[in-house]
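Asks: This one is structure_34.cif, mmCIF, C-alpha atoms and all ligand atoms.
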data_entry
loop_
_atom_site.label_atom_id
_atom_site.label_comp_id
_atom_site.auth_asym_id
_atom_site.auth_seq_id
_atom_site.Cartn_x
_atom_site.Cartn_y
_atom_site.Cartn_z
CA MET M 1 0.00 0.00 0.00
CA LYS M 2 1.26 3.46 -0.96
CA PHE M 3 0.60 6.50 1.15
CA GLN M 4 0.47 10.14 0.14
CA GLY M 5 0.79 13.13 2.38
CA PRO M 6 -2.49 14.87 3.25
CA ARG M 7 -3.89 17.34 0.69
CA GLY M 8 -2.90 20.92 1.39
CA ALA M 9 -0.05 19.99 3.73
CA ASP M 10 3.41 20.03 2.16
CA ASP M 11 6.52 18.17 3.21
CA VAL M 12 9.32 20.68 3.62
CA LEU M 13 12.18 18.74 2.04
CA PRO M 14 15.90 19.21 2.73
CA ASN M 15 16.46 21.39 -0.36
CA ALA M 16 13.88 23.89 0.94
CA ILE M 17 15.18 23.98 4.50
CA PRO M 18 17.80 26.72 3.96
CA VAL M 19 15.15 29.24 2.92
CA TRP M 20 12.87 28.24 5.83
CA ARG M 21 15.73 28.58 8.28
CA HIS M 22 16.72 31.91 6.79
CA ILE M 23 13.19 33.30 7.15
CA GLU M 24 12.75 31.99 10.70
CA ASP M 25 16.20 33.29 11.74
CA THR M 26 15.49 36.69 10.19
CA TRP M 27 12.26 36.92 12.17
CA ARG M 28 13.87 35.78 15.41
CA ARG M 29 16.71 38.28 15.09
CA LEU M 30 14.36 41.12 14.27
CA VAL M 31 11.81 40.59 17.05
CA THR M 32 14.62 40.07 19.55
CA GLN M 33 15.98 43.48 18.57
CA TYR M 34 12.59 44.95 19.47
CA GLY M 35 12.56 43.16 22.84
CA TYR M 36 9.87 40.54 22.16
CA LEU M 37 9.91 37.24 24.10
CA GLU M 38 8.99 33.87 22.60
CA VAL M 39 5.98 31.74 23.62
CA ARG M 40 5.17 28.25 22.37
CA PRO M 41 1.51 27.37 22.93
CA PRO M 42 0.17 23.88 22.10
CA MET M 43 -1.02 22.94 18.61
CA PHE M 44 -4.54 22.22 19.83
CA GLU M 45 -6.89 23.96 22.20
CA SER M 46 -10.49 23.84 23.26
CA TYR M 47 -12.75 24.40 20.21
CA ASP M 48 -14.65 27.08 22.12
CA LEU M 49 -11.54 29.24 22.48
CA PHE M 50 -11.48 29.80 18.72
CA VAL M 51 -15.24 30.29 18.44
CA ARG M 52 -14.95 32.91 21.15
CA SER M 53 -12.01 34.68 19.55
CA SER M 54 -12.28 34.43 15.76
CA GLY M 55 -16.08 34.63 15.81
CA GLU M 56 -18.79 32.18 14.87
CA THR M 57 -19.38 33.68 11.42
CA SER M 58 -15.70 33.84 10.43
CA ASP M 59 -14.71 31.47 7.63
CA ILE M 60 -12.13 30.01 9.98
CA VAL M 61 -14.70 28.85 12.49
CA SER M 62 -17.73 28.26 10.29
CA LYS M 63 -15.93 26.29 7.56
CA GLU M 64 -12.28 25.61 8.22
CA MET M 65 -11.77 24.18 11.70
CA TYR M 66 -9.87 20.94 12.16
CA ASP M 67 -11.93 19.99 15.16
CA PHE M 68 -12.28 16.65 16.87
CA THR M 69 -13.56 15.04 20.01
CA ASP M 70 -10.75 13.59 22.08
CA LYS M 71 -10.93 10.29 23.94
CA GLY M 72 -12.13 12.14 27.02
CA GLY M 73 -15.09 13.56 25.10
CA ARG M 74 -13.70 17.12 24.88
CA HIS M 75 -14.33 19.17 21.75
CA MET M 76 -10.87 20.28 20.61
CA ALA M 77 -9.43 21.97 17.52
CA LEU M 78 -6.04 22.23 15.85
CA ARG M 79 -5.20 25.92 16.08
CA PRO M 80 -6.44 27.97 13.08
CA GLU M 81 -4.44 30.98 14.35
CA LEU M 82 -2.16 31.75 17.27
CA THR M 83 -3.47 34.99 18.77
CA ALA M 84 -6.23 33.22 20.68
CA SER M 85 -3.73 30.73 22.14
CA VAL M 86 -1.28 33.47 23.09
CA VAL M 87 -4.00 35.46 24.85
CA ARG M 88 -5.24 32.30 26.59
CA ALA M 89 -1.69 31.59 27.81
CA TYR M 90 -1.15 35.24 28.80
CA LEU M 91 -4.24 35.07 31.02
CA GLU M 92 -3.70 31.57 32.35
CA HIS M 93 -0.15 32.38 33.48
CA SER M 94 -0.80 36.01 34.48
CA LEU M 95 1.94 37.21 32.17
CA GLY M 96 0.65 40.76 32.53
CA ALA M 97 0.95 40.74 36.34
CA ALA M 98 4.19 42.74 36.36
CA GLY M 99 2.59 45.48 34.26
CA GLY M 100 2.42 46.07 30.55
CA PRO M 101 3.03 46.18 27.81
CA VAL M 102 3.95 42.53 27.36
CA ARG M 103 5.60 41.77 24.03
CA LEU M 104 5.39 38.17 22.82
CA TRP M 105 6.30 36.38 19.60
CA TYR M 106 5.70 32.91 18.18
CA CYS M 107 6.39 30.63 15.24
CA GLY M 108 4.64 27.42 14.21
CA PRO M 109 2.15 25.49 12.12
CA ILE M 110 -1.47 26.60 11.67
CA PHE M 111 -4.35 24.43 10.46
CA ARG M 112 -7.32 25.50 8.33
CA TYR M 113 -9.52 23.19 6.31
CA GLY M 114 -9.78 25.52 3.31
CA ARG M 115 -9.55 24.73 -0.38
CA PRO M 116 -5.85 24.21 -1.20
CA GLY M 117 -4.28 26.19 -4.05
CA LYS M 118 -1.37 28.50 -4.79
CA GLY M 119 -0.40 30.12 -1.49
CA ARG M 120 -3.25 28.35 0.31
CA TYR M 121 -2.59 25.33 2.44
CA ARG M 122 -4.41 23.36 5.08
CA GLN M 123 -1.29 23.26 7.19
CA PHE M 124 0.78 26.41 6.84
CA HIS M 125 3.20 28.29 9.07
CA GLN M 126 3.08 31.64 10.74
CA VAL M 127 5.44 33.72 12.77
CA GLY M 128 3.78 36.48 14.70
CA LEU M 129 3.83 38.84 17.61
CA GLU M 130 1.43 40.42 20.07
CA VAL M 131 1.76 43.54 22.23
CA LEU M 132 -0.59 43.17 25.21
CA GLY M 133 -1.40 46.11 27.47
CA SER M 134 -0.76 49.20 25.37
CA PRO M 135 -3.56 51.39 23.99
CA SER M 136 -1.02 53.69 22.36
CA PRO M 137 -0.98 54.33 18.60
CA ALA M 138 2.78 53.84 18.98
CA ALA M 139 2.11 50.14 19.67
CA ASP M 140 0.14 49.75 16.42
CA ALA M 141 2.94 51.53 14.59
CA GLU M 142 5.64 49.38 16.21
CA VAL M 143 3.88 46.17 15.17
CA MET M 144 3.53 47.39 11.58
CA GLU M 145 7.13 48.59 11.55
CA VAL M 146 8.36 45.13 12.60
CA ALA M 147 6.19 43.48 9.93
CA TYR M 148 7.44 45.83 7.24
CA ARG M 149 11.10 45.50 8.29
CA PHE M 150 10.74 41.72 8.27
CA TYR M 151 9.98 41.78 4.55
CA THR M 152 12.70 44.28 3.72
CA ALA M 153 15.18 42.20 5.76
CA LEU M 154 14.18 39.22 3.61
CA GLY M 155 15.21 41.24 0.58
CA LEU M 156 11.71 42.03 -0.73
CA ARG M 157 11.57 45.41 -2.46
CA ARG M 158 7.95 45.33 -3.59
CA ALA M 159 6.13 44.62 -0.32
CA LYS M 160 3.47 47.22 0.47
CA LEU M 161 1.99 48.00 3.87
CA LEU M 162 -1.77 48.64 3.57
CA VAL M 163 -3.51 50.18 6.57
CA ASN M 164 -7.13 50.81 7.47
CA ASN M 165 -9.22 51.69 10.51
CA ILE M 166 -12.45 49.73 10.94
CA GLY M 167 -13.48 51.50 14.13
CA ARG M 168 -15.26 50.09 17.14
CA PHE M 169 -18.48 48.13 17.32
CA ASP M 170 -20.87 51.08 17.05
CA ALA M 171 -19.12 52.30 13.90
CA ARG M 172 -19.20 48.80 12.48
CA GLU M 173 -22.90 48.53 13.19
CA ARG M 174 -23.61 51.79 11.37
CA PHE M 175 -21.38 50.72 8.52
CA GLY M 176 -22.93 47.23 8.37
CA GLU M 177 -26.43 48.62 8.05
CA ALA M 178 -25.33 50.97 5.31
CA VAL M 179 -23.63 48.11 3.45
CA LEU M 180 -26.69 45.86 3.72
CA ALA M 181 -28.90 48.63 2.37
CA HIS M 182 -26.47 49.29 -0.49
CA VAL M 183 -26.31 45.63 -1.63
CA ALA M 184 -29.95 44.70 -0.86
CA ALA M 185 -30.81 43.85 -4.49
CA TRP M 186 -27.71 41.66 -4.90
CA LEU M 187 -28.32 39.95 -1.57
CA ALA M 188 -31.89 39.06 -2.52
CA ASP M 189 -30.46 36.71 -5.20
CA GLN M 190 -28.13 34.85 -2.81
CA THR M 191 -28.81 31.63 -0.90
CA GLU M 192 -30.61 31.83 2.37
CA GLU M 193 -27.45 30.74 4.18
CA ASP M 194 -25.41 33.52 2.58
CA ARG M 195 -28.09 36.05 3.42
CA ALA M 196 -28.16 34.93 7.02
CA ARG M 197 -24.38 35.17 7.25
CA ALA M 198 -24.38 38.64 5.70
CA HIS M 199 -26.95 39.85 8.18
CA LYS M 200 -25.04 38.37 11.08
CA ASN M 201 -21.81 40.06 9.98
CA PRO M 202 -22.12 42.47 7.03
CA MET M 203 -18.37 43.32 7.21
CA ARG M 204 -17.66 39.90 5.73
CA LEU M 205 -19.19 41.04 2.45
CA LEU M 206 -16.14 43.23 1.91
CA ASP M 207 -13.95 40.14 1.98
CA SER M 208 -16.08 38.30 -0.59
CA LYS M 209 -14.50 37.13 -3.83
CA ASP M 210 -17.75 37.67 -5.77
CA ALA M 211 -16.86 40.07 -8.60
CA ASP M 212 -20.37 41.55 -8.94
CA LEU M 213 -20.49 42.28 -5.24
CA GLN M 214 -17.04 43.82 -5.28
CA ALA M 215 -18.01 46.06 -8.19
CA LEU M 216 -21.15 47.09 -6.32
CA LEU M 217 -19.22 47.85 -3.15
CA LYS M 218 -16.72 50.04 -5.00
CA ASP M 219 -19.04 53.00 -4.69
CA GLY M 220 -20.73 51.77 -1.56
CA PRO M 221 -20.54 53.23 1.94
CA ARG M 222 -17.12 53.83 3.48
CA ILE M 223 -16.14 52.77 6.97
CA ALA M 224 -14.16 56.01 7.28
CA ASP M 225 -17.43 57.93 7.21
CA CYS M 226 -18.81 55.91 10.13
CA LEU M 227 -15.91 56.21 12.57
CA GLY M 228 -16.28 57.73 16.03
CA ASP M 229 -14.01 60.61 17.11
CA GLU M 230 -11.69 58.43 19.20
CA SER M 231 -11.15 55.95 16.39
CA ARG M 232 -10.47 58.73 13.95
CA ALA M 233 -7.91 60.33 16.27
CA HIS M 234 -6.28 56.97 16.98
CA GLY M 235 -6.07 56.18 13.28
CA GLU M 236 -4.46 59.51 12.47
CA ALA M 237 -1.93 59.14 15.29
CA VAL M 238 -0.99 55.64 14.06
CA LEU M 239 -0.23 56.99 10.60
CA GLU M 240 1.84 59.81 12.10
CA ARG M 241 3.91 57.34 14.18
CA LEU M 242 4.45 55.20 11.09
CA ALA M 243 5.65 58.19 9.10
CA GLU M 244 8.01 59.17 11.95
CA ALA M 245 9.45 55.65 11.89
CA GLY M 246 10.11 56.00 8.18
CA VAL M 247 7.80 53.14 7.27
CA PRO M 248 6.07 53.62 3.91
CA PHE M 249 2.35 52.75 3.85
CA GLU M 250 -0.89 53.24 1.95
CA VAL M 251 -4.31 53.73 3.48
CA ASP M 252 -6.58 51.08 1.92
CA PRO M 253 -10.29 51.18 2.83
CA GLY M 254 -10.69 47.66 1.39
CA ILE M 255 -8.73 46.01 4.21
CA VAL M 256 -11.19 44.56 6.76
CA ARG M 257 -9.58 41.21 7.77
CA GLY M 258 -11.59 38.05 8.31
CA LEU M 259 -11.55 37.84 12.10
CA ASP M 260 -14.14 39.34 14.41
CA TYR M 261 -11.83 40.58 17.12
CA TYR M 262 -10.19 43.53 15.41
CA THR M 263 -10.88 47.07 16.63
CA ASP M 264 -9.67 50.23 14.89
CA THR M 265 -6.36 49.42 13.20
CA VAL M 266 -6.21 46.62 10.64
CA PHE M 267 -3.42 46.10 8.14
CA GLU M 268 -1.84 43.74 5.65
CA VAL M 269 1.40 43.61 3.77
CA ALA M 270 0.81 42.83 0.10
CA ALA M 271 3.38 41.53 -2.36
CA GLU M 272 3.22 42.81 -5.90
CA GLY M 273 2.50 39.92 -8.25
CA LEU M 274 1.02 37.62 -5.62
CA GLY M 275 -2.51 38.83 -6.26
CA THR M 276 -4.66 40.85 -3.90
CA SER M 277 -6.22 37.84 -2.21
CA LEU M 278 -2.85 36.46 -1.08
CA SER M 279 -1.61 38.82 1.61
CA LEU M 280 1.86 38.29 3.09
CA CYS M 281 0.65 39.04 6.60
CA GLY M 282 -2.37 40.30 8.45
CA GLY M 283 -2.75 42.08 11.73
CA GLY M 284 -4.43 44.72 13.76
CA ARG M 285 -5.60 45.98 17.12
CA TYR M 286 -7.91 43.84 19.22
CA ASP M 287 -8.83 45.76 22.35
CA THR M 288 -11.77 43.57 23.40
CA LEU M 289 -10.40 40.06 22.88
CA VAL M 290 -8.62 39.74 26.22
CA SER M 291 -11.81 40.57 28.14
CA GLU M 292 -13.83 38.31 25.78
CA LEU M 293 -11.55 35.50 26.92
CA GLY M 294 -12.12 36.28 30.59
CA GLY M 295 -9.36 38.78 31.41
CA GLN M 296 -9.38 42.39 32.54
CA PRO M 297 -9.91 44.80 29.64
CA THR M 298 -6.47 44.88 28.01
CA PRO M 299 -5.74 46.73 24.78
CA ALA M 300 -3.62 44.70 22.37
CA VAL M 301 -2.27 44.64 18.85
CA GLY M 302 -0.50 41.98 16.79
CA VAL M 303 0.51 40.62 13.41
CA ALA M 304 0.93 37.18 11.80
CA PRO M 305 3.09 36.77 8.69
CA GLY M 306 2.65 33.52 6.76
CA LEU M 307 5.90 31.78 5.85
CA GLU M 308 4.78 29.98 2.68
CA ARG M 309 3.67 33.33 1.24
CA ALA M 310 7.01 34.93 2.18
CA ILE M 311 8.73 32.17 0.21
CA LEU M 312 6.43 32.75 -2.78
CA ALA M 313 7.18 36.48 -2.70
CA MET M 314 10.92 35.82 -2.48
CA GLU M 315 10.68 33.52 -5.51
CA LEU M 316 8.72 36.17 -7.42
CA GLU M 317 11.34 38.81 -6.67
CA GLY M 318 14.22 36.43 -7.37
CA VAL M 319 15.63 36.61 -3.84
CA GLU M 320 17.95 33.66 -3.37
CA VAL M 321 19.15 32.06 -0.17
CA PRO M 322 22.46 30.24 -0.55
CA ASN M 323 22.57 26.61 0.55
CA PRO M 324 25.21 26.26 3.25
CA ALA M 325 27.84 23.89 1.83
CA LEU M 326 29.11 20.84 3.62
CA ASP M 327 32.72 21.56 4.59
CA ALA M 328 34.38 18.27 3.73
CA TYR M 329 33.91 14.74 2.46
CA LEU M 330 36.44 12.33 3.95
CA VAL M 331 37.69 9.69 1.53
CA ALA M 332 39.40 6.45 2.61
CA ALA M 333 41.51 5.51 -0.43
CA THR M 334 42.36 2.10 1.05
CA GLU M 335 40.82 -0.23 3.62
CA GLY M 336 43.73 0.43 5.98
CA ALA M 337 42.88 4.16 6.08
CA ARG M 338 39.32 3.77 7.35
CA ALA M 339 40.19 4.02 11.04
CA THR M 340 42.24 7.17 10.43
CA ILE M 341 39.36 8.66 8.43
CA GLY M 342 37.11 7.96 11.42
CA GLU M 343 39.49 9.83 13.74
CA LEU M 344 39.84 12.68 11.28
CA ALA M 345 36.03 12.99 11.08
CA GLY M 346 35.97 13.39 14.86
CA GLU M 347 38.60 16.15 14.71
CA VAL M 348 36.80 17.98 11.90
CA ARG M 349 33.51 17.97 13.83
CA ALA M 350 35.18 18.87 17.13
CA ALA M 351 36.54 21.97 15.36
CA GLY M 352 32.94 22.91 14.45
CA PHE M 353 32.91 21.81 10.79
CA ALA M 354 30.53 19.51 8.98
CA CYS M 355 31.77 16.43 7.17
CA LEU M 356 30.54 13.17 5.70
CA ARG M 357 32.29 9.88 5.13
CA ASP M 358 31.41 6.57 3.58
CA LEU M 359 29.87 3.99 5.91
CA ASP M 360 29.51 1.07 3.54
CA GLY M 361 33.02 0.17 2.35
CA LYS M 362 32.42 1.75 -1.06
CA SER M 363 35.15 1.85 -3.73
CA LEU M 364 37.38 4.90 -4.12
CA LYS M 365 35.53 5.88 -7.29
CA ALA M 366 32.15 5.58 -5.58
CA GLN M 367 33.39 7.70 -2.65
CA PHE M 368 34.50 10.47 -5.01
CA LYS M 369 31.13 10.35 -6.71
CA GLN M 370 29.45 10.78 -3.35
CA ALA M 371 31.86 13.56 -2.42
CA ASP M 372 30.88 15.48 -5.59
CA ARG M 373 27.19 14.91 -4.99
CA SER M 374 27.41 15.99 -1.36
CA GLY M 375 28.27 19.55 -2.34
CA ALA M 376 31.27 19.51 0.01
CA ARG M 377 33.93 22.10 -0.65
CA LEU M 378 36.93 19.89 0.09
CA ALA M 379 37.71 16.20 -0.04
CA LEU M 380 40.19 15.06 2.61
CA ILE M 381 41.81 11.88 1.31
CA VAL M 382 43.85 9.33 3.22
CA GLY M 383 45.36 6.18 1.65
CA ASP M 384 48.42 4.02 2.36
CA ASP M 385 50.86 6.70 1.10
CA GLU M 386 49.32 9.36 3.32
CA LEU M 387 49.32 6.95 6.29
CA ALA M 388 53.02 6.27 5.80
CA ALA M 389 53.87 9.97 5.41
CA GLY M 390 51.52 11.22 8.14
CA THR M 391 49.74 13.47 5.64
CA VAL M 392 46.30 14.17 4.20
CA THR M 393 45.59 14.98 0.56
CA VAL M 394 43.27 17.97 0.31
CA ARG M 395 41.30 18.35 -2.91
CA ASP M 396 39.20 21.37 -3.78
CA LEU M 397 36.09 19.71 -5.20
CA ALA M 398 35.11 22.73 -7.28
CA THR M 399 38.46 23.24 -9.06
CA GLY M 400 39.98 19.77 -8.74
CA GLU M 401 43.21 21.30 -7.40
CA GLN M 402 44.88 19.23 -4.73
CA GLY M 403 47.90 19.17 -2.48
CA SER M 404 49.35 17.34 0.47
CA VAL M 405 49.37 18.74 4.02
CA PRO M 406 50.66 17.29 7.30
CA ARG M 407 47.88 15.45 9.09
CA SER M 408 47.98 18.00 11.95
CA GLU M 409 47.16 20.82 9.52
CA ALA M 410 44.22 19.24 7.73
CA VAL M 411 41.58 20.79 9.97
CA ALA M 412 43.31 24.18 9.74
CA ARG M 413 42.74 24.02 5.97
CA LEU M 414 39.00 24.06 6.60
CA LYS M 415 39.38 27.15 8.77
CA GLY M 416 41.08 28.97 5.93
CA LEU M 417 38.03 28.63 3.68
P1 LIG M 501 -4.90 35.55 8.89
O1 LIG M 501 -4.58 34.77 10.15
O2 LIG M 501 -6.02 34.96 8.10
O3 LIG M 501 -5.01 37.00 9.14
O4 LIG M 501 -3.65 35.37 7.93
C1 LIG M 501 -2.41 35.86 8.24
C2 LIG M 501 -1.40 35.36 7.24
O5 LIG M 501 -1.32 33.94 7.31
C3 LIG M 501 -1.75 35.63 5.80
O6 LIG M 501 -1.35 36.91 5.39
C4 LIG M 501 -0.96 34.55 5.08
O7 LIG M 501 0.40 34.91 4.98
C5 LIG M 501 -1.06 33.40 6.03
N1 LIG M 501 -2.15 32.49 5.64
C6 LIG M 501 -3.45 32.56 5.99
N2 LIG M 501 -4.14 31.52 5.48
C7 LIG M 501 -3.26 30.77 4.80
C8 LIG M 501 -3.35 29.54 4.05
N3 LIG M 501 -4.49 28.87 3.93
N4 LIG M 501 -2.22 29.05 3.48
C9 LIG M 501 -1.04 29.71 3.61
N5 LIG M 501 -0.91 30.85 4.30
C10 LIG M 501 -1.98 31.38 4.89
#
What is this file in structure tokens?
Replies:
Amino acid sequence: MKFQGPRGADDVLPNAIPVWRHIEDTWRRLVTQYGYLEVRPPMFESYDLFVRSSGETSDIVSKEMYDFTDKGGRHMALRPELTASVVRAYLEHSLGAAGGPVRLWYCGPIFRYGRPGKGRYRQFHQVGLEVLGSPSPAADAEVMEVAYRFYTALGLRRAKLLVNNIGRFDARERFGEAVLAHVAAWLADQTEEDRARAHKNPMRLLDSKDADLQALLKDGPRIADCLGDESRAHGEAVLERLAEAGVPFEVDPGIVRGLDYYTDTVFEVAAEGLGTSLSLCGGGRYDTLVSELGGQPTPAVGVAPGLERAILAMELEGVEVPNPALDAYLVAATEGARATIGELAGEVRAAGFACLRDLDGKSLKAQFKQADRSGARLALIVGDDELAAGTVTVRDLATGEQGSVPRSEAVARLKGL
């Protein structure tokens, strides 16, 4: 019987690992520079946590949850996002007890049962960060600055930060009613289920992929016209802080994000060429989520960049990440040299270098073939002549040049590279 990996969940194979490592390391370095601390919540949580946070009408909860009943009869779900888990952990462990703001970051797999396609997976990976306990526009701006600098640090030149303000619940209610009135004729032709969903959360209509609806909404009501004074002032201050930080952005009224918990600031980073529906990252302010999940009212803001999309954008812009080369392949030219090759391998590794050697008694020719294939920079060769002379033959595998060095200097040759 032959097995295949699950649909929408890729194997990350060794040839792709360097770019994954590079992206994860870039993120880690960056958020550490801004003073964020890492958290690692579990991959699964109570189903209700996500219903409570993302919202019942969100696509994530209504269509895409990997939920299951465990052997103890509990309704659980693989995490479809990490913000809910981070907030749950923040509350459970009183991470805010020493005062705010608390800055946290994370990295890991996310699970959504959507329809797989380019840039859309059922298991994908996010890095992300959350600032808990700051109502300041400077916090929104810091989060967006980190997101933007992440993409520039990856070498992307065509990543665009798109910002919007969707206000608080009263503004959203006013806006929702105006939207429903504006699209009433279109809505009358939709299924009853779609109508019910639209009435429950009209904001979702702005996220719809229906071309007719999008055309209709183009000259529909604008959230900006519905905002309260505080939201308006907050939004303006966020843009000022961003400008002060030298972060380029565009205000885009079309950005609403698919999760219920956002308040005021929402943003995405878009990559030119990826298409508007494939954002690089999404984020925003969520001032009511912490209290929704049982905590004291705590203003918060965060962002989650997807890693698969970062890789796609890097490919589109031709950003390459070099594969780190193996330092040496150790060749035993004769049977009698195998023990010495074993010792030499130990010395090479003890000095912090990476090497391979044959385990299976392969012929000299086969060992050289493997050495070439391994991508190693040098071959260190020991046969009977070298044993007798106490030397090692060092061959540059790229140029074919070779020379003899005293055994005690072989490792030093690697250092010189
Ligand atoms: P969201 O949590 O929906 O705001 O998405 C945040 C980011 O996660 C997006 O900008 C993407 O980079 C990534 N993302 C979301 N859904 C998927 C998916 N199905 N496949 C791959 N990446 C995704």
Asks: Would you name the residues within 7 Å of ligand LIG 501 (chain M), counting all atoms listed in the file, and put them as an MDAnalysis selection string?
Replies: chainID M and resid 81 112 114 119:126 257:258 268 278:283 304:309
Asks: Rank M:Phe368, M:Leu312, M:Val348, M:Arg373 by their smallest atom-to-atom distance to Val331 in chain M, using only C-alpha atoms, and report the top residue only.
Replies: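 Selected residue with least distance to Val331 in chain M: M:Phe368.
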Asks: Out of M:Ala159, M:Leu37, M:Tyr286, M:Arg195, which residue has the shortest atom-to-atom distance to Pro248 in chain M when counting only C-alpha atoms?
Replies: M:Ala159
Asks: Kindly list the centre and edge lengths in Å, rounded to one decimal, for the axis-aligned box that covers all listed atoms of range 272-286 of chain M plus 3 Å on each of its six sides, as AutoDock Vina command-line options.
Replies:
--center_x -2.3 --center_y 41.2 --center_z 5.5 --size_x 17.1 --size_y 15.5 --size_z 33.5
Asks: Ranking M:Glu145, M:Arg222, M:Leu293, M:Trp186 by minimum distance to Arg88 in chain M and counting all atoms listed in the file, which one comes first?
Replies: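 Looking at the shortest contact to Arg88 in chain M, the residue is M:Leu293.
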Asks: Between M:Tyr148, M:Trp105, M:Phe267, M:Phe111, which has the minimum distance to Asn165 in chain M (counting all atoms listed in the file)?
Replies: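 Among the listed residues, the smallest separation from Asn165 in chain M belongs to M:Phe267.
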Asks: When you look at Asp385 in chain M with a cut-off of 12 Å (counting only C-alpha atoms), what residues show up, excluding the ones that are within fewer than 5 positions of it in the same chain? I need them as an NGL selection string.
Replies: :M and (332-334 or 336-337 or 390-393 or 404)
Asks: Keeping C-alpha atoms, export the residues of the selection given above as a PDB file, in the coordinates of the input.
Replies:
ATOM      1  CA  ALA M 332      39.400   6.450   2.610  1.00  0.00           C
ATOM      2  CA  ALA M 333      41.510   5.510  -0.430  1.00  0.00           C
ATOM      3  CA  THR M 334      42.360   2.100   1.050  1.00  0.00           C
ATOM      4  CA  GLY M 336      43.730   0.430   5.980  1.00  0.00           C
ATOM      5  CA  ALA M 337      42.880   4.160   6.080  1.00  0.00           C
ATOM      6  CA  GLY M 390      51.520  11.220   8.140  1.00  0.00           C
ATOM      7  CA  THR M 391      49.740  13.470   5.640  1.00  0.00           C
ATOM      8  CA  VAL M 392      46.300  14.170   4.200  1.00  0.00           C
ATOM      9  CA  THR M 393      45.590  14.980   0.560  1.00  0.00           C
ATOM     10  CA  SER M 404      49.350  17.340   0.470  1.00  0.00           C
TER      11      SER M 404
END
Asks: Between CA of Gly383 in chain M and CA of Arg338 in chain M, what is the distance in Å, rounded to a tenth?
Replies: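 These atoms are spaced 8.6 Å apart.
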Asks: Using all atoms listed in the file, pick whichever of M:Arg285, M:Lys209, M:Arg172, M:Arg79 has the shortest atom-to-atom distance to Ile110 in chain M.
Replies: M:Arg79
Asks: So which one's closest to Pro253 in chain M, M:Ala339, M:Leu364, M:Ile223, M:Leu95? Using only C-alpha atoms, please.
Replies: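 For Pro253 in chain M, the nearest of the candidates is M:Ile223.
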Asks: For range 62-74 of chain M, please output as a ChimeraX atom specification all residues within 8 Å (counting only C-alpha atoms; exclusion window: fewer than 2 positions along the same chain).
Replies: /M:46-47,56-60,76-80,111-114
Asks: Counting only C-alpha atoms, note down every residue that has an atom within 12 Å of the point (6.9, 43.8, -4.8) (file coordinates), as a VMD selection string.
Replies: chain M and resid 151 to 152 155 to 161 269 to 276 279 to 280 310 312 to 319
Asks: Could you tell me how far CA of Gly108 in chain M lies from CA of Arg52 in chain M, in Å and to one decimal?
Replies: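 Computing it gives 21.5 Å between the two atoms.
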Asks: At most 9 Å from (35.2, 10.8, -3.2), file frame, only C-alpha atoms: which residues, as a list in words?
Replies: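 Collected hits near the coordinates: Tyr329, Leu330, Val331, Ala332, Ala333, Arg357, Asp358, Ser363, Leu364, Lys365, Ala366, Gln367, Phe368, Lys369, Gln370, Ala371, Asp372, Ala379, Leu380 and Ile381 of chain M.
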